[in-house]
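my_file-v7.pdb, holding PDB, C-alpha atoms, pLDDT in the B column:
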```
ATOM      1  CA  MET U   1      45.984  25.174  12.976  1.00 43.00           C
ATOM      2  CA  SER U   2      47.443  23.140  10.103  1.00 42.00           C
ATOM      3  CA  GLU U   3      50.634  24.290   8.371  1.00 42.00           C
ATOM      4  CA  LYS U   4      48.623  25.241   5.266  1.00 38.00           C
ATOM      5  CA  GLU U   5      46.115  27.250   7.340  1.00 41.00           C
ATOM      6  CA  ALA U   6      48.992  28.936   9.149  1.00 40.00           C
ATOM      7  CA  VAL U   7      50.718  29.899   5.888  1.00 38.00           C
ATOM      8  CA  ASP U   8      47.400  31.200   4.509  1.00 39.00           C
ATOM      9  CA  HIS U   9      46.961  33.146   7.760  1.00 39.00           C
ATOM     10  CA  VAL U  10      50.415  34.741   7.334  1.00 38.00           C
ATOM     11  CA  GLU U  11      49.874  35.577   3.676  1.00 37.00           C
ATOM     12  CA  GLY U  12      46.350  36.873   4.213  1.00 37.00           C
ATOM     13  CA  GLU U  13      47.137  39.029   7.216  1.00 41.00           C
ATOM     14  CA  GLU U  14      44.883  42.059   7.337  1.00 43.00           C
ATOM     15  CA  HIS U  15      46.370  45.528   7.520  1.00 47.00           C
ATOM     16  CA  ASP U  16      44.327  48.606   8.369  1.00 56.00           C
ATOM     17  CA  ALA U  17      45.726  50.965   5.756  1.00 58.00           C
ATOM     18  CA  ASN U  18      43.585  53.845   7.078  1.00 64.00           C
ATOM     19  CA  TYR U  19      45.052  53.760  10.589  1.00 64.00           C
ATOM     20  CA  GLN U  20      47.102  56.830  11.419  1.00 66.00           C
ATOM     21  CA  PRO U  21      49.067  56.751  14.679  1.00 64.00           C
ATOM     22  CA  PRO U  22      48.692  59.820  16.873  1.00 64.00           C
ATOM     23  CA  PRO U  23      51.427  62.441  16.533  1.00 67.00           C
ATOM     24  CA  GLN U  24      54.264  62.046  19.011  1.00 69.00           C
ATOM     25  CA  LYS U  25      54.020  64.467  21.923  1.00 67.00           C
ATOM     26  CA  THR U  26      56.203  64.964  24.940  1.00 67.00           C
ATOM     27  CA  ILE U  27      54.759  64.572  28.425  1.00 60.00           C
ATOM     28  CA  GLU U  28      54.963  68.357  28.827  1.00 65.00           C
ATOM     29  CA  GLU U  29      52.892  68.876  25.647  1.00 67.00           C
ATOM     30  CA  ILE U  30      50.295  66.355  26.806  1.00 64.00           C
ATOM     31  CA  MET U  31      49.973  68.004  30.214  1.00 60.00           C
ATOM     32  CA  ALA U  32      49.704  71.504  28.674  1.00 66.00           C
ATOM     33  CA  ALA U  33      46.932  70.508  26.235  1.00 69.00           C
ATOM     34  CA  ASP U  34      43.393  71.126  27.545  1.00 69.00           C
ATOM     35  CA  ALA U  35      44.829  72.469  30.827  1.00 69.00           C
ATOM     36  CA  GLU U  36      41.534  74.256  31.603  1.00 73.00           C
ATOM     37  CA  ASP U  37      39.586  70.945  31.656  1.00 72.00           C
ATOM     38  CA  GLU U  38      39.809  69.868  35.318  1.00 75.00           C
ATOM     39  CA  SER U  39      38.573  66.296  34.837  1.00 74.00           C
ATOM     40  CA  LEU U  40      40.908  65.693  31.884  1.00 69.00           C
ATOM     41  CA  ARG U  41      43.832  67.158  33.853  1.00 66.00           C
ATOM     42  CA  LYS U  42      43.121  64.765  36.763  1.00 69.00           C
ATOM     43  CA  TYR U  43      42.808  61.835  34.360  1.00 65.00           C
ATOM     44  CA  LYS U  44      46.204  62.648  32.782  1.00 64.00           C
ATOM     45  CA  GLU U  45      47.787  63.009  36.230  1.00 66.00           C
ATOM     46  CA  ALA U  46      46.493  59.577  37.243  1.00 66.00           C
ATOM     47  CA  LEU U  47      47.624  58.038  33.966  1.00 66.00           C
ATOM     48  CA  LEU U  48      51.110  59.546  33.960  1.00 65.00           C
ATOM     49  CA  GLY U  49      51.848  59.261  37.676  1.00 64.00           C
ATOM     50  CA  GLU U  50      55.384  60.383  38.566  1.00 63.00           C
ATOM     51  CA  ALA U  51      56.254  60.997  34.899  1.00 57.00           C
ATOM     52  CA  GLN U  52      54.281  64.254  34.868  1.00 60.00           C
ATOM     53  CA  SER U  53      56.515  65.906  37.448  1.00 61.00           C
ATOM     54  CA  GLU U  54      59.921  64.369  36.745  1.00 66.00           C
ATOM     55  CA  LYS U  55      61.825  62.746  33.899  1.00 74.00           C
ATOM     56  CA  ILE U  56      61.694  58.986  34.531  1.00 76.00           C
ATOM     57  CA  ILE U  57      64.987  57.374  33.595  1.00 80.00           C
ATOM     58  CA  PHE U  58      65.512  53.711  34.457  1.00 81.00           C
ATOM     59  CA  ASP U  59      68.992  53.374  32.938  1.00 83.00           C
ATOM     60  CA  ASP U  60      70.843  56.632  32.292  1.00 86.00           C
ATOM     61  CA  SER U  61      73.390  54.878  30.059  1.00 88.00           C
ATOM     62  CA  ASP U  62      70.670  53.552  27.722  1.00 87.00           C
ATOM     63  CA  PRO U  63      69.127  56.155  25.358  1.00 89.00           C
ATOM     64  CA  ARG U  64      66.193  53.930  24.300  1.00 89.00           C
ATOM     65  CA  LYS U  65      62.618  54.729  25.352  1.00 89.00           C
ATOM     66  CA  VAL U  66      61.746  51.015  25.669  1.00 93.00           C
ATOM     67  CA  ILE U  67      64.134  48.456  27.162  1.00 92.00           C
ATOM     68  CA  VAL U  68      62.895  44.885  26.686  1.00 93.00           C
ATOM     69  CA  LYS U  69      64.134  42.744  29.572  1.00 94.00           C
ATOM     70  CA  LYS U  70      62.651  39.250  29.321  1.00 94.00           C
ATOM     71  CA  LEU U  71      60.311  36.920  27.416  1.00 93.00           C
ATOM     72  CA  SER U  72      58.591  34.157  29.384  1.00 94.00           C
ATOM     73  CA  LEU U  73      56.602  31.182  28.120  1.00 92.00           C
ATOM     74  CA  LEU U  74      53.841  30.526  30.654  1.00 94.00           C
ATOM     75  CA  VAL U  75      52.202  27.122  30.973  1.00 92.00           C
ATOM     76  CA  ALA U  76      49.831  26.101  33.794  1.00 89.00           C
ATOM     77  CA  ASP U  77      51.454  24.031  36.578  1.00 89.00           C
ATOM     78  CA  ARG U  78      54.999  24.574  35.265  1.00 91.00           C
ATOM     79  CA  ASP U  79      57.726  27.080  36.050  1.00 93.00           C
ATOM     80  CA  PRO U  80      58.010  29.808  33.391  1.00 93.00           C
ATOM     81  CA  MET U  81      60.553  29.192  30.633  1.00 92.00           C
ATOM     82  CA  GLU U  82      62.478  32.452  30.270  1.00 92.00           C
ATOM     83  CA  LEU U  83      64.680  34.211  27.743  1.00 91.00           C
ATOM     84  CA  ASP U  84      66.866  36.968  29.181  1.00 93.00           C
ATOM     85  CA  LEU U  85      66.739  39.762  26.605  1.00 93.00           C
ATOM     86  CA  SER U  86      69.048  42.126  28.472  1.00 89.00           C
ATOM     87  CA  GLY U  87      72.285  40.393  27.459  1.00 87.00           C
ATOM     88  CA  ASP U  88      73.733  38.975  24.243  1.00 89.00           C
ATOM     89  CA  ILE U  89      70.600  38.163  22.243  1.00 91.00           C
ATOM     90  CA  SER U  90      72.618  36.488  19.455  1.00 89.00           C
ATOM     91  CA  LYS U  91      72.980  33.412  21.701  1.00 87.00           C
ATOM     92  CA  LEU U  92      69.255  32.947  22.298  1.00 87.00           C
ATOM     93  CA  LYS U  93      68.682  30.719  19.275  1.00 83.00           C
ATOM     94  CA  LYS U  94      70.921  28.058  20.820  1.00 84.00           C
ATOM     95  CA  ASN U  95      68.660  27.723  23.887  1.00 82.00           C
ATOM     96  CA  VAL U  96      65.749  25.655  22.572  1.00 87.00           C
ATOM     97  CA  PHE U  97      62.516  25.600  24.573  1.00 86.00           C
ATOM     98  CA  VAL U  98      60.862  22.179  24.672  1.00 90.00           C
ATOM     99  CA  ILE U  99      57.083  22.436  24.434  1.00 90.00           C
ATOM    100  CA  LYS U 100      54.647  19.577  24.851  1.00 93.00           C
ATOM    101  CA  GLU U 101      52.355  19.282  21.834  1.00 92.00           C
ATOM    102  CA  GLY U 102      48.813  20.613  22.192  1.00 93.00           C
ATOM    103  CA  ILE U 103      49.398  22.569  25.417  1.00 92.00           C
ATOM    104  CA  GLN U 104      47.920  25.994  26.114  1.00 94.00           C
ATOM    105  CA  TYR U 105      50.506  28.710  26.732  1.00 92.00           C
ATOM    106  CA  LYS U 106      50.890  32.464  27.051  1.00 93.00           C
ATOM    107  CA  ILE U 107      53.857  34.708  26.335  1.00 92.00           C
ATOM    108  CA  ARG U 108      54.774  37.448  28.808  1.00 94.00           C
ATOM    109  CA  ILE U 109      57.142  40.262  27.919  1.00 94.00           C
ATOM    110  CA  ASP U 110      58.772  42.329  30.663  1.00 96.00           C
ATOM    111  CA  PHE U 111      59.965  45.787  29.647  1.00 95.00           C
ATOM    112  CA  VAL U 112      60.806  49.248  30.913  1.00 93.00           C
ATOM    113  CA  VAL U 113      59.543  52.532  29.469  1.00 91.00           C
ATOM    114  CA  GLN U 114      61.730  55.547  30.215  1.00 89.00           C
ATOM    115  CA  ARG U 115      62.046  59.210  29.196  1.00 85.00           C
ATOM    116  CA  GLU U 116      58.757  59.621  27.229  1.00 83.00           C
ATOM    117  CA  ILE U 117      55.401  57.941  26.625  1.00 83.00           C
ATOM    118  CA  VAL U 118      55.495  55.186  24.018  1.00 86.00           C
ATOM    119  CA  HIS U 119      52.423  54.872  21.777  1.00 83.00           C
ATOM    120  CA  GLY U 120      50.976  51.672  20.382  1.00 88.00           C
ATOM    121  CA  LEU U 121      53.527  49.082  21.458  1.00 92.00           C
ATOM    122  CA  LYS U 122      53.212  45.876  19.425  1.00 93.00           C
ATOM    123  CA  TYR U 123      54.651  42.394  19.772  1.00 93.00           C
ATOM    124  CA  VAL U 124      55.132  40.628  16.429  1.00 94.00           C
ATOM    125  CA  GLN U 125      56.179  36.974  16.305  1.00 93.00           C
ATOM    126  CA  LYS U 126      56.860  35.089  13.067  1.00 95.00           C
ATOM    127  CA  THR U 127      57.303  31.326  13.348  1.00 94.00           C
ATOM    128  CA  TYR U 128      59.120  29.220  10.756  1.00 95.00           C
ATOM    129  CA  ARG U 129      59.613  25.506  10.239  1.00 92.00           C
ATOM    130  CA  MET U 130      62.447  24.475   7.909  1.00 90.00           C
ATOM    131  CA  GLY U 131      62.554  28.054   6.640  1.00 89.00           C
ATOM    132  CA  VAL U 132      58.842  28.137   5.716  1.00 92.00           C
ATOM    133  CA  PRO U 133      56.544  30.593   7.555  1.00 93.00           C
ATOM    134  CA  VAL U 134      53.872  28.695   9.481  1.00 92.00           C
ATOM    135  CA  ASP U 135      52.409  31.340  11.793  1.00 91.00           C
ATOM    136  CA  LYS U 136      52.413  35.040  12.554  1.00 93.00           C
ATOM    137  CA  LEU U 137      51.178  36.573  15.774  1.00 89.00           C
ATOM    138  CA  THR U 138      50.692  40.324  16.164  1.00 91.00           C
ATOM    139  CA  GLN U 139      49.589  41.547  19.584  1.00 91.00           C
ATOM    140  CA  MET U 140      48.734  45.163  20.343  1.00 91.00           C
ATOM    141  CA  VAL U 141      50.371  45.795  23.698  1.00 91.00           C
ATOM    142  CA  GLY U 142      49.204  49.395  24.182  1.00 88.00           C
ATOM    143  CA  SER U 143      50.586  52.792  25.125  1.00 86.00           C
ATOM    144  CA  TYR U 144      52.674  53.165  28.272  1.00 88.00           C
ATOM    145  CA  PRO U 145      54.008  56.079  30.326  1.00 86.00           C
ATOM    146  CA  PRO U 146      57.537  55.997  31.724  1.00 88.00           C
ATOM    147  CA  LYS U 147      57.802  54.187  35.075  1.00 87.00           C
ATOM    148  CA  LYS U 148      60.633  53.365  37.426  1.00 87.00           C
ATOM    149  CA  GLU U 149      59.534  49.733  37.631  1.00 89.00           C
ATOM    150  CA  ILE U 150      59.355  46.938  35.075  1.00 92.00           C
ATOM    151  CA  GLN U 151      56.033  46.688  33.239  1.00 93.00           C
ATOM    152  CA  SER U 152      54.738  43.583  31.486  1.00 94.00           C
ATOM    153  CA  TYR U 153      52.307  42.381  28.861  1.00 94.00           C
ATOM    154  CA  THR U 154      50.865  38.863  28.633  1.00 94.00           C
ATOM    155  CA  THR U 155      49.318  37.504  25.445  1.00 91.00           C
ATOM    156  CA  PRO U 156      46.041  35.577  25.424  1.00 91.00           C
ATOM    157  CA  PHE U 157      46.307  31.773  25.447  1.00 91.00           C
ATOM    158  CA  GLU U 158      47.687  30.118  22.319  1.00 89.00           C
ATOM    159  CA  GLU U 159      47.663  26.405  21.592  1.00 91.00           C
ATOM    160  CA  ALA U 160      50.793  24.565  20.519  1.00 88.00           C
ATOM    161  CA  PRO U 161      50.346  22.381  17.433  1.00 87.00           C
ATOM    162  CA  SER U 162      49.913  18.659  18.017  1.00 91.00           C
ATOM    163  CA  GLY U 163      50.318  15.416  16.110  1.00 90.00           C
ATOM    164  CA  MET U 164      53.274  13.656  14.596  1.00 90.00           C
ATOM    165  CA  MET U 165      53.539  16.124  11.689  1.00 89.00           C
ATOM    166  CA  ALA U 166      53.704  19.097  14.076  1.00 90.00           C
ATOM    167  CA  ARG U 167      56.577  17.721  16.138  1.00 92.00           C
ATOM    168  CA  GLY U 168      59.984  19.197  15.441  1.00 92.00           C
ATOM    169  CA  THR U 169      62.024  22.364  15.762  1.00 93.00           C
ATOM    170  CA  TYR U 170      60.679  25.818  14.957  1.00 93.00           C
ATOM    171  CA  SER U 171      62.557  29.099  14.700  1.00 94.00           C
ATOM    172  CA  VAL U 172      60.945  32.333  15.815  1.00 93.00           C
ATOM    173  CA  SER U 173      61.655  35.935  14.910  1.00 95.00           C
ATOM    174  CA  SER U 174      60.254  38.328  17.523  1.00 94.00           C
ATOM    175  CA  LEU U 175      59.940  42.093  17.288  1.00 94.00           C
ATOM    176  CA  PHE U 176      58.859  44.667  19.864  1.00 93.00           C
ATOM    177  CA  THR U 177      57.822  47.771  17.922  1.00 93.00           C
ATOM    178  CA  ASP U 178      55.336  50.649  18.091  1.00 90.00           C
ATOM    179  CA  ASP U 179      53.000  52.823  16.009  1.00 86.00           C
ATOM    180  CA  ASP U 180      55.942  54.930  14.843  1.00 84.00           C
ATOM    181  CA  LYS U 181      57.729  51.799  13.590  1.00 88.00           C
ATOM    182  CA  ASN U 182      60.545  52.131  16.134  1.00 90.00           C
ATOM    183  CA  GLU U 183      62.306  48.794  16.514  1.00 93.00           C
ATOM    184  CA  HIS U 184      62.741  48.524  20.282  1.00 93.00           C
ATOM    185  CA  LEU U 185      64.148  45.006  20.101  1.00 94.00           C
ATOM    186  CA  LYS U 186      64.331  42.249  17.505  1.00 95.00           C
ATOM    187  CA  TRP U 187      65.527  38.784  18.443  1.00 94.00           C
ATOM    188  CA  GLU U 188      65.441  35.169  17.299  1.00 94.00           C
ATOM    189  CA  TRP U 189      64.801  32.078  19.381  1.00 93.00           C
ATOM    190  CA  SER U 190      63.753  28.454  18.911  1.00 92.00           C
ATOM    191  CA  PHE U 191      61.421  25.866  20.339  1.00 92.00           C
ATOM    192  CA  GLU U 192      60.891  22.183  19.786  1.00 92.00           C
ATOM    193  CA  ILE U 193      57.478  20.513  19.961  1.00 92.00           C
ATOM    194  CA  LYS U 194      57.659  17.040  21.441  1.00 93.00           C
ATOM    195  CA  LYS U 195      55.136  14.395  22.463  1.00 92.00           C
ATOM    196  CA  ASP U 196      55.985  15.110  26.100  1.00 90.00           C
ATOM    197  CA  TRP U 197      58.089  17.595  28.070  1.00 83.00           C
ATOM    198  CA  GLN U 198      61.250  15.449  27.949  1.00 72.00           C
TER     199      GLN U 198
END
```

Here is the file; what I need is its structure written in the form of structure tokens.
Amino acid sequence: MSEKEAVDHVEGEEHDANYQPPPQKTIEEIMAADAEDESLRKYKEALLGEAQSEKIIFDDSDPRKVIVKKLSLLVADRDPMELDLSGDISKLKKNVFVIKEGIQYKIRIDFVVQREIVHGLKYVQKTYRMGVPVDKLTQMVGSYPPKKEIQSYTTPFEEAPSGMMARGTYSVSSLFTDDDKNEHLKWEWSFEIKKDWQ
């Protein structure tokens, strides 16, 4: 995608103005609804797992429903490049990923859901070059029940830009949000596109 196409893509992003997120309900409210429908009750039990019978809390000292732990850049035949999102995220911009031009990559986000179900998780990534927006990626991640283990979402393949004009440093603003516009985590990071990995 050329820089002009990318800017047009950002500016012309479609929004579904008619979409209304479902009302927030607690796990208890979800389990109580339609209690007489046996098949629906079994489906909800399978979906919610342990969360239907006990309050799932991963980190008692953290009041958030979603705790974002890590972002990984996945490229075939290479070790994942990882950003630890559980510490001081203000330092992340200094750690620049080097990406070979034209490669196919995916982004994986590891996170924990605790306390209540989270509806319509979304990953939004805005990419800038010299302060100018060149791309915006919005991925619907889905709705997740609380679990004691880390859950993850992996984006479909994306292709890094290529060519001499595409090489250089890019800054990225990432946001993990949901249908209710809760900002679970917002962070900035950088990558540099080079002719090769070095």

Practice problem: Determine the residue set returned by the PyMOL selection byres ((chain U and resi 100-107) around 7) for the present structure, and present it as a list in words. | Solution: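 For this structure, the PyMOL selection byres ((chain U and resi 100-107) around 7) captures Leu71, Ser72, Leu73, Leu74, Val75, Val98, Ile99, Arg108, Ile109, Thr154, Thr155, Pro156, Phe157, Glu158, Glu159, Ala160, Pro161, Ser162, Ile193, Lys194, Lys195, Asp196 and Trp197 of chain U.
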
Quiz item: At what distance in Å, to one decimal, does CA of Trp189 in chain U lie from CA of Glu82 in chain U?
Solution: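 Atom-to-atom, CA of Glu82 in chain U to CA of Trp189 in chain U, that is 11.1 Å.
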
Practice problem: Go through U:Ser86, U:Ser171, U:Ser190, U:Gln114 and flag the residue nearest Val68 in chain U, using all atoms listed in the file for the distances. | Solution: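 With all atoms listed in the file as the atom set, the closest residue is U:Ser86.
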
Quiz item: Please, what distance in Å, to one decimal, runs between CA of Thr127 in chain U and CA of Gln151 in chain U?
Solution: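 So the answer is 25.2 Å.
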
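Picture a line from CA of Leu185 in chain U to CA of Pro80 in chain U; it runs 21.1 Å.
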